[in-house]
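> I'm passing along protein.txt; it holds compact mmCIF, C-alpha atoms and all ligand atoms.
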```
# COMPACT_ATOMS: atom_id res chain seq x y z
CA MET A 1 -6.67 35.64 -5.13
CA ASN A 2 -4.09 34.24 -7.49
CA ILE A 3 -1.63 31.93 -5.75
CA SER A 4 0.72 29.33 -7.16
CA GLN A 5 0.38 25.58 -6.54
CA GLU A 6 3.47 25.72 -4.31
CA GLN A 7 2.01 28.55 -2.21
CA LEU A 8 -1.24 26.59 -1.88
CA VAL A 9 0.62 23.50 -0.65
CA GLN A 10 2.56 25.63 1.85
CA LEU A 11 -0.68 27.19 3.07
CA VAL A 12 -2.39 23.82 3.57
CA THR A 13 0.76 22.46 5.23
CA ARG A 14 0.75 25.31 7.75
CA GLU A 15 -2.92 24.69 8.54
CA VAL A 16 -2.34 20.97 8.98
CA LEU A 17 0.67 21.57 11.24
CA ALA A 18 -1.44 23.96 13.31
CA GLN A 19 -4.19 21.31 13.66
CA LEU A 20 -1.66 18.63 14.60
CA GLY A 21 -0.20 21.04 17.16
CA GLN A 22 -3.62 21.42 18.75
CA GLN A 23 -4.07 17.63 18.90
CA LEU A 24 -0.64 17.25 20.51
CA GLY A 25 -1.66 19.85 23.08
CA GLN A 26 -4.70 17.76 24.06
CA GLY A 27 -2.82 15.21 26.11
CA SER A 28 -1.64 12.67 23.54
CA ALA A 29 1.96 11.65 24.16
CA ASN A 30 2.34 11.02 20.45
CA GLY A 31 -0.19 12.81 18.29
CA THR A 32 -0.13 10.04 15.72
CA ARG A 33 -0.34 6.95 17.92
CA ALA A 34 -3.25 4.71 16.97
CA GLU A 35 -5.30 2.85 19.53
CA PRO A 36 -3.84 -0.65 19.90
CA GLY A 37 -6.00 -3.29 18.26
CA LYS A 38 -7.98 -0.76 16.26
CA PRO A 39 -6.39 -0.44 12.83
CA THR A 40 -7.92 2.40 10.84
CA THR A 41 -7.17 0.84 7.49
CA PRO A 42 -6.99 -2.77 6.29
CA PHE A 43 -3.48 -4.02 5.75
CA GLY A 44 -4.01 -7.70 5.11
CA ALA A 45 -4.07 -10.75 7.21
CA GLU A 46 -1.90 -11.47 10.19
CA ALA A 47 0.98 -13.80 9.46
CA SER A 48 -0.38 -17.35 9.42
CA ALA A 49 1.38 -20.43 10.68
CA GLY A 50 1.15 -23.34 8.18
CA GLN A 51 1.88 -22.00 4.70
CA PRO A 52 0.11 -24.07 2.00
CA SER A 53 2.26 -25.94 -0.54
CA PRO A 54 2.75 -24.62 -4.11
CA ASP A 55 0.37 -27.37 -5.35
CA GLN A 56 -2.30 -26.29 -2.87
CA ILE A 57 -1.86 -22.68 -3.95
CA ALA A 58 -2.28 -23.69 -7.60
CA ALA A 59 -5.44 -25.65 -6.84
CA GLU A 60 -7.09 -23.53 -4.16
CA GLY A 61 -5.75 -20.00 -4.72
CA PHE A 62 -3.99 -17.68 -2.28
CA PRO A 63 -4.86 -14.62 -0.16
CA CYS A 64 -5.97 -11.41 -1.85
CA ASN A 65 -5.50 -8.37 0.38
CA ILE A 66 -6.28 -4.71 -0.09
CA SER A 67 -3.25 -2.47 0.26
CA ALA A 68 -4.86 0.73 1.52
CA ARG A 69 -3.17 4.09 0.95
CA HIS A 70 0.19 4.12 2.73
CA GLY A 71 3.71 5.45 2.67
CA HIS A 72 7.30 4.24 2.96
CA LEU A 73 9.92 6.56 4.47
CA THR A 74 13.69 6.82 4.65
CA PRO A 75 15.17 7.07 8.18
CA GLU A 76 15.98 10.73 7.44
CA HIS A 77 12.37 11.55 6.52
CA VAL A 78 11.10 9.70 9.64
CA GLU A 79 13.21 12.06 11.75
CA GLN A 80 12.07 15.14 9.81
CA LEU A 81 8.40 14.22 10.29
CA PHE A 82 8.43 12.66 13.78
CA GLY A 83 11.43 14.23 15.48
CA PRO A 84 15.16 13.59 16.00
CA GLY A 85 16.04 9.99 16.89
CA GLN A 86 12.56 8.64 16.01
CA ARG A 87 12.14 5.29 14.23
CA LEU A 88 9.07 3.49 12.88
CA THR A 89 7.43 1.31 15.53
CA PRO A 90 5.33 -1.77 14.62
CA PHE A 91 1.55 -1.48 14.98
CA LYS A 92 0.61 -4.70 13.17
CA TYR A 93 2.73 -7.26 11.31
CA LEU A 94 1.77 -7.97 7.70
CA TYR A 95 1.48 -11.24 5.79
CA GLN A 96 4.85 -10.74 4.06
CA GLU A 97 7.72 -11.63 6.44
CA GLY A 98 9.27 -8.68 8.31
CA GLN A 99 6.87 -6.05 6.92
CA PHE A 100 4.70 -4.09 9.34
CA ALA A 101 2.13 -1.33 9.50
CA SER A 102 3.74 1.17 11.83
CA GLU A 103 2.12 3.27 14.53
CA GLN A 104 3.17 6.38 12.62
CA LEU A 105 0.51 8.31 10.70
CA VAL A 106 0.93 11.36 8.47
CA GLN A 107 -1.17 13.72 6.41
CA ILE A 108 -0.54 13.90 2.67
CA VAL A 109 -1.20 17.18 0.92
CA GLY A 110 -1.81 17.87 -2.76
CA PRO A 111 -2.91 20.96 -4.67
CA ARG A 112 -6.65 20.21 -4.34
CA GLY A 113 -6.91 18.58 -0.94
CA SER A 114 -5.33 16.49 1.76
CA ILE A 115 -5.82 13.04 3.32
CA SER A 116 -5.10 12.46 7.01
CA ASN A 117 -4.19 9.32 8.97
CA VAL A 118 -2.10 7.81 6.17
CA ARG A 119 -0.18 4.93 7.70
CA ILE A 120 3.55 4.42 7.22
CA LEU A 121 4.72 0.86 6.54
CA GLY A 122 7.99 -0.40 7.98
CA PRO A 123 10.80 -1.04 8.06
CA GLU A 124 12.38 2.15 6.71
CA ARG A 125 13.48 2.10 3.06
CA SER A 126 16.19 3.71 0.92
CA LYS A 127 13.58 5.88 -0.89
CA SER A 128 10.40 7.45 0.41
CA GLN A 129 7.27 6.60 -1.55
CA PHE A 130 3.52 7.00 -1.10
CA GLU A 131 0.89 4.77 -2.71
CA VAL A 132 -2.71 5.88 -3.23
CA SER A 133 -5.79 4.80 -5.18
CA ARG A 134 -7.23 6.68 -8.14
CA THR A 135 -10.01 8.02 -5.88
CA ASP A 136 -7.36 9.33 -3.46
CA SER A 137 -5.47 10.96 -6.33
CA LEU A 138 -8.63 12.84 -7.34
CA THR A 139 -9.04 14.06 -3.74
CA LEU A 140 -5.42 15.27 -3.74
CA GLY A 141 -5.63 16.79 -7.23
CA VAL A 142 -2.66 14.91 -8.66
CA THR A 143 -2.18 12.34 -11.42
CA PRO A 144 0.31 9.76 -10.13
CA PRO A 145 1.57 7.14 -12.58
CA ILE A 146 0.84 3.43 -12.10
CA LEU A 147 4.18 1.91 -11.11
CA GLN A 148 5.56 -1.20 -9.48
CA SER A 149 5.28 -0.56 -5.77
CA VAL A 150 8.97 -0.82 -4.82
CA ASN A 151 11.16 2.11 -5.84
CA HIS A 152 10.69 1.88 -9.61
CA GLY A 153 10.32 4.95 -11.79
CA THR A 154 9.31 8.52 -11.14
CA GLY A 155 6.10 9.42 -9.34
CA ALA A 156 4.16 12.65 -8.85
CA PRO A 157 4.96 15.38 -6.28
CA ILE A 158 3.37 15.19 -2.82
CA THR A 159 3.83 16.97 0.51
CA ILE A 160 3.93 14.94 3.72
CA VAL A 161 3.04 16.46 7.08
CA GLY A 162 3.92 14.84 10.40
CA PRO A 163 3.64 16.00 14.00
CA ARG A 164 7.15 17.52 14.01
CA GLY A 165 7.58 18.79 10.44
CA SER A 166 6.85 18.39 6.77
CA VAL A 167 8.66 17.05 3.72
CA HIS A 168 8.01 17.83 0.06
CA LEU A 169 8.70 14.81 -2.13
CA PRO A 170 9.02 15.87 -5.79
CA ASP A 171 8.53 12.43 -7.40
CA SER A 172 7.27 9.93 -4.80
CA LEU A 173 3.49 9.56 -5.22
CA ILE A 174 2.32 6.55 -7.23
CA ARG A 175 -0.61 4.24 -7.80
CA ALA A 176 0.84 0.79 -7.15
CA LYS A 177 0.48 -1.64 -10.03
CA ARG A 178 -1.67 -4.55 -8.89
CA HIS A 179 0.59 -7.50 -8.24
CA VAL A 180 1.05 -11.00 -6.86
CA HIS A 181 3.92 -11.88 -4.52
CA LEU A 182 5.20 -15.42 -5.08
CA HIS A 183 8.05 -17.53 -3.75
CA PRO A 184 10.07 -18.81 -6.76
CA ASP A 185 8.87 -22.39 -6.03
CA GLU A 186 5.25 -21.20 -6.09
CA ALA A 187 5.89 -19.29 -9.34
CA SER A 188 7.39 -22.31 -11.03
CA THR A 189 4.48 -24.56 -9.97
CA LEU A 190 2.04 -21.94 -11.30
CA GLY A 191 4.02 -21.60 -14.56
CA VAL A 192 4.88 -17.91 -14.21
CA LYS A 193 8.05 -15.90 -13.60
CA ASP A 194 9.07 -12.53 -12.18
CA GLY A 195 7.86 -9.68 -14.39
CA ASP A 196 5.07 -11.64 -16.12
CA GLU A 197 1.65 -10.02 -16.36
CA VAL A 198 -1.27 -12.42 -16.06
CA PRO A 199 -5.04 -12.44 -15.51
CA VAL A 200 -6.15 -13.21 -11.95
CA GLU A 201 -9.66 -14.09 -10.82
CA ILE A 202 -11.06 -12.91 -7.49
CA PRO A 203 -14.10 -15.15 -6.96
CA ALA A 204 -15.56 -12.95 -4.21
CA GLY A 205 -19.16 -13.70 -3.25
CA ASP A 206 -21.75 -12.17 -5.54
CA GLN A 207 -19.26 -9.65 -6.93
CA GLY A 208 -15.87 -10.99 -8.00
CA LEU A 209 -13.77 -9.84 -10.91
CA VAL A 210 -11.03 -10.93 -13.28
CA PHE A 211 -8.14 -8.46 -13.18
CA TYR A 212 -5.90 -8.34 -16.25
CA ASN A 213 -2.25 -7.20 -16.39
CA VAL A 214 -1.44 -8.34 -12.85
CA LEU A 215 2.32 -8.17 -12.27
CA ILE A 216 4.10 -11.24 -10.92
CA ARG A 217 6.83 -10.46 -8.39
CA THR A 218 9.01 -13.28 -7.06
CA ASP A 219 11.51 -13.33 -4.23
CA PRO A 220 12.71 -16.07 -1.87
CA ALA A 221 11.32 -13.94 0.99
CA PHE A 222 7.79 -13.80 -0.53
CA LYS A 223 4.79 -16.05 -0.01
CA ALA A 224 1.78 -16.15 -2.31
CA GLU A 225 -0.40 -13.07 -1.84
CA MET A 226 -2.16 -10.64 -4.17
CA HIS A 227 -2.12 -6.88 -3.45
CA ILE A 228 -4.69 -4.53 -4.96
CA ASP A 229 -5.69 -1.01 -4.01
CA THR A 230 -8.89 0.09 -2.28
CA ASP A 231 -10.72 0.97 -5.50
CA GLU A 232 -9.88 -2.41 -7.02
CA GLY A 233 -10.72 -4.32 -3.84
CA ASN A 234 -14.08 -2.59 -3.41
CA ALA A 235 -14.97 -3.18 -7.07
CA ALA A 236 -14.31 -6.90 -6.61
CA GLY A 237 -16.09 -7.11 -3.24
CA VAL A 238 -12.92 -8.22 -1.47
CA GLN A 239 -13.45 -9.02 2.21
CA PRO A 240 -11.00 -10.41 4.78
CA GLY A 241 -10.15 -13.97 3.75
CA ALA A 242 -10.68 -13.32 0.01
CA LYS A 243 -8.80 -15.58 -2.42
CA ALA A 244 -7.11 -14.97 -5.76
CA MET A 245 -6.58 -17.53 -8.53
CA LEU A 246 -4.11 -17.21 -11.39
CA LEU A 247 -5.81 -17.82 -14.73
CA THR A 248 -2.85 -19.57 -16.30
CA PRO A 249 -3.03 -23.00 -17.92
CA ARG A 250 -0.64 -24.64 -15.45
CA ALA A 251 -2.55 -23.29 -12.47
CA GLY A 252 -5.12 -26.00 -13.27
CA ILE A 253 -8.03 -23.69 -12.51
CA CYS A 254 -8.18 -21.87 -15.82
CA ARG A 255 -11.70 -20.84 -16.80
CA THR A 256 -12.75 -20.52 -20.41
CA PHE A 257 -10.51 -18.07 -22.24
CA CYS A 258 -6.99 -19.28 -21.51
CA ARG A 259 -7.30 -22.92 -22.56
ZN ZN A 301 2.71 -6.06 -2.43
```
Now that the file is in, can you turn its structure into C-alpha cells?
Ligand SMILES: [Zn+2]


Amino acid sequence: MNISQEQLVQLVTREVLAQLGQQLGQGSANGTRAEPGKPTTPFGAEASAGQPSPDQIAAEGFPCNISARHGHLTPEHVEQLFGPGQRLTPFKYLYQEGQFASEQLVQIVGPRGSISNVRILGPERSKSQFEVSRTDSLTLGVTPPILQSVNHGTGAPITIVGPRGSVHLPDSLIRAKRHVHLHPDEASTLGVKDGDEVPVEIPAGDQGLVFYNVLIRTDPAFKAEMHIDTDEGNAAGVQPGAKAMLLTPRAGICRTFCR
C-alpha cells in the first residue's frame, strides 16, 4: 500500500485516539493523570531551600539534571488536547522558580512511530514546542534541529495526541541544545555571559564526561543548573544529585586544557 506521510500520521493518530478512548472508558477520571508521587520521567531536583553563593558554585559546581522528553503548550493547544476550559495542573515543581512538570501527558506521533506518556511542562507558553533526544527522534522517524530550548528557530513537524483531540505542529519539534542556567551574578563570578558556549565537566562516578559547546543562558529568575537530554545524561552516568563544573579559567576548577 502506498500512503503519504500525512496519511500515515492521520492513521496512527486515529489509532492512538481509539486507545486513549478505551483507557478513558476504564474508570479513570482523567486518562492522563499520573499517580501522585510516582513521576514517570526524571525532571530534576525539587526546589531546594538555601541556594549556594556564586563563589560556592564556582568552587563546588552546581546541579546537573536530565531534561527528559517533554512539551510546552499554548493555552489554546491545551484546550484542543485536553478539552474546553482545561489548564495545565502542577504534578511536581522544578528547580527553576515557577516551572513545573504538569499532570498532563500526551502521545507524540511521527512518520515512523510514536512515544506515549510525554509530559507537558508548565506554565503555558506563547508557542508550543516539544523537546526530544536523538534516540527519540529515531523512534519517531524525524530529524529535529538542535536549538535553544525556548522558542528559538524552526523545528521539525510533529503530531500531538491528547485525550480530547490532536494537534499537528508543523515546526515545533527540537532537540534542546545542552545549556546552563545562571543568575547574572553567578555568570559574572564564573566569568561567562549569556550566549557563551563553554566546556562543562560532569564528574559522575566511574563515567563522567566533558561536554563541549554548552550554551550559557542568564536571567535574573535563573539559578545555576545544567540541563542535558536523556542520551547525554546516560552517556555521562548522571544520577540524581549529579554536579556540573564549568571549565573556564575564572571558575577556579579548570583542568588541563583551558589554562
Ligand atoms: Zn533548561

> Between A:Thr154, A:Thr143, A:Gln107, A:Thr218, which has the minimum distance to ligand ZN 301 (chain A) (counting all atoms listed in the file)?

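Selected residue with least distance to ligand ZN 301 (chain A): A:Thr218.
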
> Could you report the residues within 9 Å of ligand ZN 301 (chain A), using all atoms listed in the file, as a list in words?

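Residues satisfying the distance criterion: Asn65, Ser67, Gln96, Ser149, Val150, Ala176, Arg178, His179, Val180, His181, Arg217, Glu225, Met226, His227 and Ile228 of chain A.
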
> What is the CA of Pro90 in chain A to CA of Arg119 in chain A distance in Å?

11.1 Å

> Mind giving me the straight-line distance from CA of Glu232 in chain A to CA of Val118 in chain A in Å, one decimal?

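Between CA of Glu232 in chain A and CA of Val118 in chain A the gap is 18.4 Å.
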
> Need to verify the contact set: range 79-86 of chain A, 10 Å, all atoms listed in the file, exclusion of same-chain residues closer than 3 positions in sequence. Can you return it as a count of residues only?

19

> With only C-alpha atoms as the basis for distance, which of A:Ile146, A:Leu247, A:Val214, A:Ile158 is at the shortest distance from Ile108 in chain A?

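The shortest atom-to-atom distance to Ile108 in chain A comes from A:Ile158.
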
> I need the residue nearest Ile66 in chain A from this list: A:Gly241, A:Pro54, A:Pro220, A:Gly153. Use all atoms listed in the file for the distance.

A:Gly241
